[in-house]
file my_file-v3.txt (compact mmCIF, C-alpha atoms)
# COMPACT_ATOMS: atom_id res chain seq x y z
CA MET P 1 117.04 46.94 118.30
CA LYS P 2 118.35 49.79 116.13
CA ASP P 3 117.01 48.06 113.01
CA ASN P 4 113.57 47.89 114.60
CA ILE P 5 113.66 51.59 115.43
CA ASN P 6 114.76 52.44 111.89
CA LYS P 7 111.94 50.31 110.52
CA ASP P 8 109.43 52.07 112.80
CA ILE P 9 110.73 55.47 111.70
CA ALA P 10 110.52 54.52 108.02
CA GLU P 11 106.96 53.29 108.52
CA GLU P 12 105.97 56.44 110.37
CA VAL P 13 107.53 58.62 107.63
CA GLU P 14 105.53 56.80 104.95
CA LYS P 15 102.29 57.14 106.95
CA THR P 16 102.97 60.86 107.35
CA MET P 17 103.85 61.24 103.67
CA ALA P 18 100.55 59.55 102.78
CA LEU P 19 98.75 62.52 104.35
CA LEU P 20 99.99 64.60 101.43
CA ASP P 21 97.37 62.87 99.31
CA THR P 22 94.49 63.66 101.64
CA ARG P 23 93.23 67.14 100.98
CA VAL P 24 92.43 69.36 103.95
CA GLU P 25 89.69 71.81 103.08
CA ILE P 26 88.30 74.51 105.32
CA GLU P 27 85.07 76.44 104.98
CA ALA P 28 85.45 80.20 104.78
CA ASP P 29 83.50 82.27 107.27
CA SER P 30 80.03 83.27 106.03
CA TRP P 31 80.78 86.89 106.99
CA PHE P 32 83.89 86.94 104.81
CA TYR P 33 82.58 89.46 102.27
CA THR P 34 81.14 91.77 104.96
CA ARG P 35 84.46 91.79 106.81
CA LEU P 36 86.32 92.32 103.55
CA ARG P 37 84.18 95.38 102.69
CA ALA P 38 84.79 96.79 106.16
CA LYS P 39 88.55 96.25 105.84
CA LEU P 40 88.56 97.80 102.38
CA SER P 41 86.74 100.96 103.45
CA GLU P 42 88.87 101.17 106.60
CA LYS P 43 92.03 101.05 104.47
CA ASP P 44 90.59 103.59 102.00
CA VAL P 45 89.79 106.01 104.82
CA SER P 46 93.16 105.66 106.51
CA SER P 47 95.12 106.07 103.28
CA ASN P 48 93.17 109.09 102.02
CA THR P 49 92.78 111.29 105.09
CA PRO P 50 94.40 114.73 104.89
CA PHE P 51 96.26 113.69 108.02
CA SER P 52 97.97 110.71 106.33
CA VAL P 53 98.69 112.76 103.19
CA LEU P 54 100.38 115.45 105.27
CA LEU P 55 101.95 113.08 107.76
CA LYS P 56 105.00 112.08 105.71
CA PRO P 57 106.13 115.62 104.73
CA ALA P 58 105.37 116.83 108.25
CA LEU P 59 107.52 114.08 109.77
CA LEU P 60 110.30 114.92 107.31
CA LEU P 61 110.09 118.58 108.28
CA VAL P 62 110.24 117.72 111.98
CA PHE P 63 113.26 115.51 111.33
CA LEU P 64 115.01 118.30 109.41
CA LEU P 65 114.21 120.85 112.12
CA ILE P 66 115.60 118.56 114.81
CA ASN P 67 118.81 118.16 112.80
CA ILE P 68 119.15 121.91 112.16
CA ALA P 69 118.52 122.62 115.84
CA ALA P 70 121.14 120.05 116.84
CA LEU P 71 123.72 121.56 114.48
CA PHE P 72 122.91 125.08 115.70
CA TYR P 73 123.24 123.95 119.31
CA VAL P 74 126.62 122.27 118.68
CA PHE P 75 128.10 125.34 116.91
CA ASN P 76 126.65 127.75 119.42
CA ARG P 77 128.03 125.67 122.23
CA SER P 78 131.58 125.77 120.80
CA GLU P 79 131.29 129.55 120.37
CA GLY P 80 130.13 129.79 123.97
CA VAL P 81 133.16 127.79 125.07
CA SER P 82 135.54 130.12 123.23
CA ALA P 83 133.81 133.20 124.74
CA GLN P 84 134.22 131.67 128.18
CA ARG P 85 137.87 131.05 127.40
CA LYS P 86 138.37 134.68 126.36
CA ILE P 87 136.95 135.91 129.67
CA ALA P 88 139.08 133.42 131.56
CA GLU P 89 142.20 134.58 129.73
CA GLU P 90 141.31 138.22 130.37
CA TYR P 91 141.28 137.58 134.13
CA SER P 92 144.34 135.27 133.93
CA LEU P 93 142.31 132.28 135.05
CA THR P 94 143.98 130.00 132.56
CA LEU P 95 147.51 130.58 133.93
CA ASN P 96 149.14 127.94 136.08
CA SER P 97 150.56 128.77 139.52
CA TYR P 98 154.17 129.34 138.27
CA GLU P 99 153.03 131.79 135.62
CA LEU P 100 150.93 133.58 138.26
CA LEU P 101 153.97 133.76 140.51
CA ASP P 102 156.04 135.29 137.67
CA LEU P 103 153.30 137.77 136.98
CA ASN P 104 153.13 138.80 140.65
CA LEU P 105 156.91 139.15 140.80
CA GLN P 106 156.88 141.33 137.66
CA GLN P 107 154.16 143.49 139.16
CA GLY P 108 156.22 143.72 142.42
CA GLU P 109 159.26 144.91 140.53
CA MET M 1 89.63 83.42 78.57
CA GLY M 2 85.85 83.07 78.31
CA ASN M 3 83.42 85.86 77.47
CA MET M 4 81.95 85.78 80.97
CA GLU M 5 85.37 86.31 82.51
CA GLU M 6 86.18 89.14 80.11
CA LEU M 7 82.90 90.80 81.04
CA LEU M 8 83.63 90.37 84.74
CA ILE M 9 87.09 91.94 84.31
CA GLU M 10 85.60 94.82 82.34
CA LYS M 11 83.06 95.45 85.10
CA LEU M 12 85.76 95.23 87.77
CA LYS M 13 87.87 97.76 85.88
CA ASN M 14 84.86 100.09 85.85
CA GLY M 15 84.64 99.78 89.65
CA ASP M 16 81.40 97.78 89.61
CA GLU M 17 80.71 96.70 93.20
CA ALA M 18 78.39 93.85 92.20
CA ALA M 19 81.15 92.44 90.01
CA PHE M 20 83.58 92.62 92.91
CA ARG M 21 81.10 90.75 95.09
CA GLU M 22 80.69 88.13 92.36
CA LEU M 23 84.46 87.70 92.15
CA VAL M 24 84.83 87.35 95.92
CA GLU M 25 81.97 84.85 96.18
CA LYS M 26 83.35 82.79 93.31
CA TYR M 27 86.93 82.60 94.59
CA THR M 28 86.69 82.93 98.40
CA GLN M 29 86.78 79.21 99.09
CA SER M 30 89.73 78.40 96.83
CA THR M 31 91.71 81.50 97.89
CA VAL M 32 91.20 80.87 101.62
CA ASN M 33 92.26 77.25 101.12
CA ILE M 34 95.43 78.18 99.22
CA CYS M 35 96.33 80.60 102.03
CA PHE M 36 95.48 77.92 104.62
CA GLY M 37 97.84 75.54 102.83
CA PHE M 38 100.66 77.90 103.77
CA VAL M 39 99.67 79.58 107.04
CA LYS M 40 97.93 76.57 108.67
CA ASN M 41 95.54 78.67 110.70
CA ARG M 42 91.97 79.51 109.69
CA LYS M 43 91.90 83.06 111.01
CA ASP M 44 95.25 83.96 109.46
CA ALA M 45 94.22 82.32 106.17
CA GLU M 46 91.06 84.45 106.03
CA ASP M 47 93.01 87.62 106.87
CA VAL M 48 95.55 86.93 104.13
CA ALA M 49 92.76 86.06 101.66
CA GLN M 50 91.10 89.40 102.43
CA ASP M 51 94.35 91.19 101.66
CA VAL M 52 94.47 89.26 98.39
CA PHE M 53 91.04 90.54 97.33
CA ILE M 54 91.95 94.08 98.42
CA GLU M 55 95.03 93.93 96.18
CA VAL M 56 92.95 92.54 93.31
CA PHE M 57 90.44 95.38 93.77
CA ARG M 58 93.17 97.99 93.75
CA SER M 59 95.34 96.65 90.96
CA ILE M 60 92.72 95.30 88.55
CA GLN M 61 93.59 98.15 86.15
CA SER M 62 97.06 96.66 85.71
CA PHE M 63 95.67 93.19 84.88
CA ARG M 64 96.44 92.71 81.17
CA GLY M 65 94.73 89.35 80.74
CA ASP M 66 97.92 87.39 79.96
CA ALA M 67 96.73 84.70 82.36
CA LYS M 68 93.32 83.66 83.62
CA LEU M 69 91.85 85.86 86.34
CA SER M 70 91.92 82.93 88.78
CA THR M 71 95.61 82.25 88.04
CA TRP M 72 96.45 85.90 88.69
CA LEU M 73 94.43 85.85 91.90
CA TYR M 74 96.04 82.62 93.17
CA ARG M 75 99.49 83.99 92.32
CA ILE M 76 98.75 86.96 94.61
CA ALA M 77 97.45 84.53 97.26
CA VAL M 78 100.72 82.55 97.17
CA ARG M 79 102.85 85.71 97.36
CA LYS M 80 100.81 87.17 100.22
CA SER M 81 100.91 83.88 102.16
CA ILE M 82 104.69 83.63 101.79
CA ASP M 83 105.05 87.29 102.87
CA PHE M 84 102.87 86.52 105.90
CA LEU M 85 105.06 83.54 106.87
CA ARG M 86 108.22 85.64 106.53
CA ARG M 87 106.70 88.36 108.71
CA LYS M 88 105.69 85.75 111.27
CA LYS M 89 109.22 84.30 111.31
CA ARG M 90 110.68 87.78 111.87
CA GLN M 91 108.22 88.36 114.71
CA ALA M 92 109.14 84.98 116.22
CA ARG M 93 112.84 85.90 116.12
CA PHE M 94 112.05 89.26 117.73
CA ARG M 95 109.98 87.48 120.40
CA GLN M 96 112.86 85.12 121.06
CA LEU M 97 115.14 88.12 121.49
CA THR M 98 112.79 90.05 123.74
CA SER M 99 111.76 86.98 125.76
CA MET M 100 114.93 87.59 127.77
CA PHE M 101 113.23 90.68 129.20
CA TYR M 102 109.55 89.83 128.96
CA GLU M 103 107.65 86.61 129.53
CA TYR M 104 105.00 86.15 126.85
CA ASN M 105 101.57 85.00 127.62
CA THR M 106 100.97 81.78 125.66
CA ASP M 107 97.57 83.12 124.54
CA GLU M 108 99.40 85.59 122.31
CA LEU M 109 101.13 82.87 120.31
CA PRO M 110 99.37 81.28 117.34
CA GLN M 111 98.28 77.75 118.11
CA PHE M 112 96.73 74.92 116.15
CA THR M 113 93.21 74.14 117.25
CA ASP M 114 90.75 71.40 116.32
CA LEU M 115 89.01 74.04 114.26
CA ASP M 116 92.17 74.64 112.30
CA MET M 117 92.96 70.98 111.87
CA PRO M 118 89.95 69.07 110.63
CA ASP M 119 91.65 65.71 111.30
CA ARG M 120 89.81 64.30 114.28
CA ASP M 121 92.13 61.36 114.59
CA VAL M 122 94.70 62.32 117.21
CA ILE M 123 97.56 60.32 115.69
CA ASN M 124 96.89 61.71 112.25
CA LYS M 125 96.62 65.18 113.71
CA GLU M 126 100.05 64.76 115.25
CA ARG M 127 101.41 63.42 111.97
CA ARG M 128 99.89 66.33 110.06
CA GLU M 129 101.42 68.86 112.43
CA LEU M 130 104.79 67.24 111.91
CA LEU M 131 104.23 67.21 108.16
CA ASP M 132 103.36 70.93 108.21
CA ARG M 133 106.51 71.70 110.19
CA ALA M 134 108.56 69.69 107.72
CA ILE M 135 106.95 71.46 104.71
CA ALA M 136 107.76 74.82 106.32
CA ARG M 137 111.45 73.83 106.29
CA LEU M 138 111.53 73.35 102.51
CA SER M 139 112.62 76.06 100.09
CA VAL M 140 109.87 78.53 99.14
CA ASP M 141 109.51 77.07 95.62
CA GLN M 142 109.38 73.44 96.79
CA GLN M 143 106.91 74.44 99.52
CA THR M 144 104.69 76.27 97.01
CA ALA M 145 104.71 73.34 94.56
CA ILE M 146 103.80 70.88 97.32
CA VAL M 147 101.06 73.05 98.81
CA LEU M 148 99.42 73.68 95.43
CA ASN M 149 99.84 70.27 93.81
CA LYS M 150 99.70 67.89 96.76
CA LEU M 151 97.67 69.65 99.46
CA GLN M 152 95.35 71.68 97.24
CA ASP M 153 95.06 69.22 94.35
CA TYR M 154 95.94 71.59 91.52
CA SER M 155 97.24 69.82 88.41
CA TYR M 156 100.85 70.15 87.30
CA LYS M 157 99.72 72.58 84.59
CA GLU M 158 97.70 74.75 87.01
CA THR M 159 100.53 74.71 89.56
CA ALA M 160 102.99 75.72 86.85
CA GLU M 161 100.73 78.57 85.72
CA ILE M 162 100.26 79.90 89.25
CA MET M 163 103.98 79.68 89.95
CA GLY M 164 104.88 81.18 86.56
CA ARG M 165 107.09 78.17 85.72
CA SER M 166 107.16 75.35 83.22
CA VAL M 167 105.48 72.02 83.96
CA SER M 168 108.82 70.19 83.92
CA SER M 169 110.25 72.64 86.45
CA VAL M 170 107.26 72.02 88.73
CA GLU M 171 107.73 68.26 88.35
CA SER M 172 111.34 68.61 89.34
CA LEU M 173 110.43 70.83 92.33
CA LEU M 174 107.91 68.23 93.46
CA PHE M 175 110.39 65.39 93.07
CA ARG M 176 113.09 67.20 95.08
CA GLY M 177 110.51 68.56 97.53
CA THR M 178 109.08 65.16 98.44
CA ARG M 179 112.58 63.66 98.68
CA ASN M 180 113.66 66.45 101.06
CA LEU M 181 110.43 66.12 102.99
CA ARG M 182 111.16 62.42 103.62
CA LYS M 183 114.64 63.30 104.88
CA ILE M 184 113.31 66.06 107.19
CA LEU M 185 110.57 63.80 108.54
CA TYR M 186 113.06 60.99 109.08
CA SER M 187 115.31 63.22 111.18
CA MET M 188 112.29 64.57 113.08
CA TYR M 189 111.10 61.07 113.99
CA GLU M 190 114.65 60.02 114.76
CA LYS M 191 114.96 62.83 117.31
CA LYS M 192 111.58 61.91 118.72
CA LEU M 193 112.26 58.18 119.07
CA LEU M 194 115.96 58.00 119.87
call {"tool": "encode", "arguments": {"input": "my_file-v3.txt", "output": "structure tokens"}}
result
Amino acid sequence: MKDNINKDIAEEVEKTMALLDTRVEIEADSWFYTRLRAKLSEKDVSSNTPFSVLLKPALLLVFLLINIAALFYVFNRSEGVSAQRKIAEEYSLTLNSYELLDLNLQQGE
Amino acid sequence: MGNMEELLIEKLKNGDEAAFRELVEKYTQSTVNICFGFVKNRKDAEDVAQDVFIEVFRSIQSFRGDAKLSTWLYRIAVRKSIDFLRRKKRQARFRQLTSMFYEYNTDELPQFTDLDMPDRDVINKERRELLDRAIARLSVDQQTAIVLNKLQDYSYKETAEIMGRSVSSVESLLFRGTRNLRKILYSMYEKKLL
């Protein structure tokens, strides 16, 4: 049974391999040149417009600006946090309850 | 290189549109068929062939005449076809990944049609599809040698020139390629029958 299957497979492989010697040729579309010209001029237009010439540096500039803005925001934010902390310290908002109690006792004395 | 070809190259370098048309008309059929040998779809083959002519048009100034114009053109055709197949494989992998979230419409996927496969015989059509799948599993060099020499009937010398290799290296690629092809086909049929 297995021998028969192997024989069938080998036969099928050889029949398939024989197709390598039969050339498959297709006919190109009769509008090939017309479509090629259209594609060529389309590519010429898209690669030479002032927009595409300026697009890359403009994108780079936007990317840089976003990064600068992000850095500015991060530093500004940390400064803001320390300013908030200063105010909190000035009004003793950072003290824990024991320290507050000591402070009240000192003021009472 | 003949005088006619030299003249054609000269005209092309001067941006002569009639010369470009002459070149396209002369080599459309062979270029489309080389591309078809790799991409196995008429529309894709024509698209790739158009990109080949666009590249020829744009880079003709860099053509030094070391090889025949046709050899240079077919070399671009092979490279563009292989690039196309790689792109298609990447897209297929991406589709596989995104198919977890999105169900693709089968119309979007490239399919073989009777138009693409001139074999009318159903059994032979099936065999050819299997053969194409097996060829696609070979290494790029073995695949190129088989497509050019076996499927497109270029001689060993022409195949070697297009591939930029020696004739003996092409012979060896063909020998190993057909041997591997037999093995791949055998395992394909084995899976199918067992």
call {"tool": "interface_residues", "arguments": {"input": "my_file-v3.txt", "of": "chain M", "to": "chain P", "cutoff": "7 Å", "atoms": "all atoms listed in the file", "output": "list in words"}}
result
Gln29, Val32, Asn33, Gln50, Ile54, Arg127, Arg128, Leu131, Lys150, Leu151, Gln152, Arg182, Leu185, Tyr186, Tyr189 and Glu190 of chain M
call {"tool": "residues_near_point", "arguments": {"input": "my_file-v3.txt", "point": "(92.9, 93.5, 82.5)", "cutoff": "6 Å", "atoms": "all atoms listed in the file", "output": "MDAnalysis selection string"}}
result
chainID M and resid 61 63:65
call {"tool": "closest_residue", "arguments": {"input": "my_file-v3.txt", "among": "M:Thr178, M:Thr98, M:Ser70, M:Gln143", "to": "Leu85 (chain M)", "atoms": "all atoms listed in the file"}}
result
M:Gln143
call {"tool": "atom_distance", "arguments": {"input": "my_file-v3.txt", "atom1": "CA of Ala134 (chain M)", "atom2": "CA of Lys40 (chain M)"}}
result
12.7 Å
call {"tool": "atom_distance", "arguments": {"input": "my_file-v3.txt", "atom1": "CA of Ser139 (chain M)", "atom2": "CA of Ser155 (chain M)"}}
result
20.3 Å
call {"tool": "atom_distance", "arguments": {"input": "my_file-v3.txt", "atom1": "CA of Val170 (chain M)", "atom2": "CA of Phe38 (chain M)"}}
result
17.4 Å
call {"tool": "residues_around", "arguments": {"input": "my_file-v3.txt", "residues": "Ala45 (chain M)", "least_positions_apart": "4", "cutoff": "7 Å", "atoms": "all atoms listed in the file", "output": "VMD selection string"}}
result
chain M and resid 32 35 to 36 39 41 49
call {"tool": "closest_residue", "arguments": {"input": "my_file-v3.txt", "among": "M:Glu126, M:Asp66, M:Asp141, M:Glu25", "to": "Leu173 (chain M)", "atoms": "all atoms listed in the file"}}
result
M:Asp141
